[in-house]
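Reviewing the structure listed below.
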Amino acid sequence: MSEEFKIEIVNPEKSFLVKDDVLEVVIPAFEGEMGILKDHISIISFLKPGILKILSKSGDESFYVEDGIVEFKNNNLSILTSTIYKLTDLDKSKQQNLLKLAEEEANKQDINDQSRYLIDQKIDVLKSLN
Amino acid sequence: MASLDDLKKRIASVKSTQKITKAMKMVAAAKLRRAQESAEKGRPYSEKMNNIILNLSSGISDKENAPKLLSGSGNDKVHLCVVMTSDRGLCGGFNSNIIKKAKNYFAKLAKDGKELKIITVGSKGNDQLKRAYGDKIIANISFKESKHANYFDADKVGKMVIEKFGAEEFDVCTIFYNQFKNVITQIPQAQQIIPLNVENSEEEKSEDRYEFEPDEDEILSNLLPKNISTQIFKAMLENSASEQGSRMSAMDNATRNAGEMVDKLTIEYNRSRQAAITKELIEIISGAESL
């Protein structure tokens with residue numbers, strides 16, 4: 001029996017990635033990293049900024065995501081995200097840009113604890129990419 | 001009767017107008033294709049989002065404590081209307097159709113004694129509404145700089161709406177936009193986004209239970225603001241496709257009308273040229289006869 005399942009990543013502008021030979025996906029879920037294999041129970045969760053890893057037969061890929069919602073059902077993994085970059089496409093200057101934006105956001109006084117947590121997370125991830 | 005010279009000038013000017021409208025039509029056609037493509041590409045996102053929300057809200061246990069974005073603030077007094085129009089003119093009835101729809105709705109609200117607040121997106125809507133409803137407009141947003149409808153812009157509008165809802169500035173929010181059906185038909189739409197209308201669609205009754213991490217309420221309260229932005233983005237995409245479609249057919253008509261006008265003027269020009277020649281001949285002949 002095959003151990004593969006299907007993944008679809010959608011952002012508001014287009015369908016970002018579709019693959020149907022995925023073996024495992026590691027997602028930065030809100031309450032910690034989560035690995036998803038075939039026949040996982042149906043789940044809905046959302047993402048925090050982090051690295052999304054896709055391990056598939058046709059090669060492994062990593063993406064940087066800022067937010068999103070994950071739905072897994074009948075061996076279909078859907079990820080809705082507004083900001084996603086393939087790690088290999090994310091060069092230094094882009095990364096610095098994102099980091100600068102995040103730091104500006106973090107310096108604002110009037111944000112609540114949850115968004116502060118998310119922004120700190122974002123900064124940590126972006127720094128760790130260096 | 002206009003002189004030959006005048007006619008010639010008019011023909012030339014109508015012809016150059018025709019050239020302009022023709023070029024605008026081509027540009028609109030090219031842009032329309034792109035806009036349509038991105039509207040189609042954007043559809044899976046909003047559909048999936050809708051599905052997840054449907055699943056979530058049907059699974060939510062206690063309706064009393066449901067997030068306010070879903071259940072509403074409990075009042076129905078202040079209505080916020082987001083009227084989305086284009087930034088450019090010359091697109092037929094595109095803007096006025098939205099405005100007409102919105103104005104009807106405003107009149108109904110006024111009759112029911114509700115308070116009205118307006119946010120206009122796109123400068124054309126602002127121009128048309130500010131005379132009658134200037135005091136009601138609380139914000140005007142325009143994305144003249146961005147070439148295509150993008151999510152970032154939609155998110156800005158969405159955040160603003162949510163912020164105002166959080167500050168209890170309104171109870172119900174409705175967006176107005178044109179839904180793209182085909183090049184000649186665009187349907188003005190009024191869609192309520194706060195509180196969210198969860199239609200209990202019969203065909204999509206998911207029996208399987210989901211695991212939620214964290215719990216439903218938290219996911220839902222995180223998801224709903226995103227959904228607002230998504231809905232606004234969808235409206236923006238539909239709107240931009242509609243705008244180009246509407247402009248294309250308007251410019252097509254204009255080109256055809258200009259062609260008819262050129263034909264008419266050319267006939268008139270030829271007639272009067274002929275008349276002048278005939279007149280000259282008569283003069284020559286009668287001059288020769290009198291000798």
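Ordering of the structure tokens sets the chain letters (A, B, ...); residue numbers start at 1 within each chain; ligands are numbered from 1 in the order shown.
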
Cut-off 9 Å: closest chain B/chain A atom pairs per residue, using only C-alpha atoms, as a Markdown table:
| residue | atom | partner | partner_atom | distance |
| --- | --- | --- | --- | --- |
| B:Ser38 | CA | A:Glu13 | CA | 6.5 |
| B:Ala39 | CA | A:Glu13 | CA | 8.1 |
| B:Glu40 | CA | A:Lys14 | CA | 8.3 |
| B:Lys41 | CA | A:Lys14 | CA | 4.5 |
| B:Gly42 | CA | A:Glu13 | CA | 4.9 |
| B:Arg43 | CA | A:Pro12 | CA | 8.0 |
| B:Pro44 | CA | A:Val10 | CA | 7.3 |
| B:Tyr45 | CA | A:Pro12 | CA | 5.6 |
| B:Ser46 | CA | A:Pro12 | CA | 7.5 |
| B:Lys48 | CA | A:Leu80 | CA | 7.9 |
| B:Met49 | CA | A:Leu80 | CA | 7.7 |
| B:Ile52 | CA | A:Glu71 | CA | 7.7 |
| B:Leu56 | CA | A:Ile44 | CA | 8.9 |
| B:Asn150 | CA | A:Glu13 | CA | 7.4 |
| B:Tyr151 | CA | A:Pro12 | CA | 6.5 |
| B:Phe152 | CA | A:Ser82 | CA | 8.8 |
| B:Asp208 | CA | A:Ser42 | CA | 7.9 |
| B:Arg209 | CA | A:Ser42 | CA | 7.1 |
| B:Tyr210 | CA | A:Ser42 | CA | 4.9 |
| B:Glu211 | CA | A:Ile43 | CA | 4.4 |
| B:Phe212 | CA | A:Ile44 | CA | 5.2 |
| B:Glu213 | CA | A:Ser45 | CA | 5.1 |
| B:Pro214 | CA | A:Ser45 | CA | 6.7 |
| B:Asp215 | CA | A:Ser45 | CA | 8.7 |
| B:Glu216 | CA | A:Ile44 | CA | 8.8 |
| B:Ile219 | CA | A:Ser45 | CA | 6.9 |
| B:Asn222 | CA | A:Phe46 | CA | 8.4 |
| B:Leu223 | CA | A:Ile69 | CA | 7.8 |
| B:Thr230 | CA | A:Pro12 | CA | 7.3 |
| B:Phe233 | CA | A:Pro12 | CA | 7.9 |
| B:Lys234 | CA | A:Pro12 | CA | 8.6 |

Only C-alpha atoms, please: the residues just picked out, written as an mmCIF file, in the first residue's frame.
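File produced: result-v8.cif:
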data_model
loop_
_atom_site.group_PDB
_atom_site.id
_atom_site.type_symbol
_atom_site.label_atom_id
_atom_site.label_comp_id
_atom_site.auth_asym_id
_atom_site.auth_seq_id
_atom_site.Cartn_x
_atom_site.Cartn_y
_atom_site.Cartn_z
ATOM 1 C CA SER B 38 -6.681 35.883 -11.504
ATOM 2 C CA ALA B 39 -10.344 35.847 -10.506
ATOM 3 C CA GLU B 40 -10.458 32.176 -11.400
ATOM 4 C CA LYS B 41 -7.210 31.445 -9.645
ATOM 5 C CA GLY B 42 -8.417 33.204 -6.539
ATOM 6 C CA ARG B 43 -11.545 31.139 -6.316
ATOM 7 C CA PRO B 44 -10.156 27.994 -4.633
ATOM 8 C CA TYR B 45 -8.910 30.021 -1.699
ATOM 9 C CA SER B 46 -12.212 31.631 -0.867
ATOM 10 C CA LYS B 48 -11.862 26.436 0.820
ATOM 11 C CA MET B 49 -12.069 29.175 3.398
ATOM 12 C CA ILE B 52 -13.719 25.376 6.655
ATOM 13 C CA LEU B 56 -16.343 25.029 12.092
ATOM 14 C CA ASN B 150 -3.744 42.213 -4.737
ATOM 15 C CA TYR B 151 -4.372 40.602 -1.419
ATOM 16 C CA PHE B 152 -2.270 43.117 0.459
ATOM 17 C CA ASP B 208 -16.975 13.477 9.774
ATOM 18 C CA ARG B 209 -15.702 15.172 12.853
ATOM 19 C CA TYR B 210 -12.588 17.209 12.849
ATOM 20 C CA GLU B 211 -9.889 17.381 15.391
ATOM 21 C CA PHE B 212 -9.210 20.973 16.336
ATOM 22 C CA GLU B 213 -5.977 22.335 17.545
ATOM 23 C CA PRO B 214 -6.362 24.716 19.359
ATOM 24 C CA ASP B 215 -10.108 24.531 20.027
ATOM 25 C CA GLU B 216 -12.891 25.616 17.676
ATOM 26 C CA ILE B 219 -9.539 28.872 15.382
ATOM 27 C CA ASN B 222 -8.550 33.662 14.125
ATOM 28 C CA LEU B 223 -10.161 32.652 10.880
ATOM 29 C CA THR B 230 -10.714 37.150 1.671
ATOM 30 C CA PHE B 233 -10.321 40.383 -2.022
ATOM 31 C CA LYS B 234 -12.784 38.241 -3.915
#

In chain A, what's strand (DSSP E or B) per DSSP? Answer as a PyMOL selection string? chain A and resi 5-10+15-29+32-36+43-47+50-56+59-65+68-73+76-80+84-86

So which residues touch Tyr64 (chain A) within 8 Å, counting only C-alpha atoms, skipping near sequence neighbours fewer than 6 positions away, as a ChimeraX atom specification? /A:49-52,84-87

Residues of region 25-110 of chain B in helix (DSSP H, G or I) according to DSSP, as a PyMOL selection string? chain B and resi 25-59+63-65+68-71+94-110

Near-Pro225 (chain B) list (8 Å; only C-alpha atoms; drop same-chain fewer than 5 positions) as a compact mmCIF listing (two decimals) with N, CA and C atoms, in the first residue's frame:
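Result file is selection03.txt:
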# COMPACT_ATOMS: atom_id res chain seq x y z
N LEU B 69 -17.86 38.38 15.27
CA LEU B 69 -17.84 38.53 13.82
C LEU B 69 -18.82 37.56 13.16
N GLY B 158 -9.78 45.15 4.90
CA GLY B 158 -10.35 44.21 5.86
C GLY B 158 -9.97 44.57 7.29
N LYS B 159 -8.69 44.89 7.48
CA LYS B 159 -8.23 45.24 8.84
C LYS B 159 -8.95 46.47 9.35
N ILE B 162 -12.43 45.53 10.41
CA ILE B 162 -12.44 44.78 11.66
C ILE B 162 -12.13 45.69 12.85

Identify, on the basis of only C-alpha atoms, every residue whose closest approach to Ile184 (chain B) does not exceed 8 Å; exclude the query and any residue fewer than 2 positions from it along the same chain; express the result as a list of chain:residue names.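 Once the nearby chain positions are removed, what remains is B:Lys181, B:Asn182, B:Gln186, B:Gly245, B:Ser246, B:Ser249.
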
Please, could you write that set of residues out with C-alpha atoms as a PDB file, in the first residue's frame?
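For reference, selection_18.pdb as written:
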ATOM      1  CA  LYS B 181     -20.812  37.058 -15.298  1.00  0.00           C
ATOM      2  CA  ASN B 182     -19.524  37.655 -18.775  1.00  0.00           C
ATOM      3  CA  GLN B 186     -22.065  42.334 -14.700  1.00  0.00           C
ATOM      4  CA  GLY B 245     -15.347  43.740 -19.324  1.00  0.00           C
ATOM      5  CA  SER B 246     -17.589  46.718 -19.003  1.00  0.00           C
ATOM      6  CA  SER B 249     -18.012  46.556 -24.374  1.00  0.00           C
TER       7      SER B 249
END

Shortest contact to Ile137 (chain B), candidates B:Leu90, B:Ile119, B:Ala190, B:Ala241, atoms counted only C-alpha atoms, goes to B:Ile119

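Across the model, the gap from CA of Lys108 (chain B) to CA of Ser240 (chain B) is 27.6 Å.
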
Identify, on the basis of only C-alpha atoms, every residue whose closest approach to Ile119 (chain A) does not exceed 12 Å; exclude the query and any residue fewer than 3 positions from it along the same chain; express the result as a ChimeraX atom specification. /A:48-50,66-67,98-108,111-116,122-126
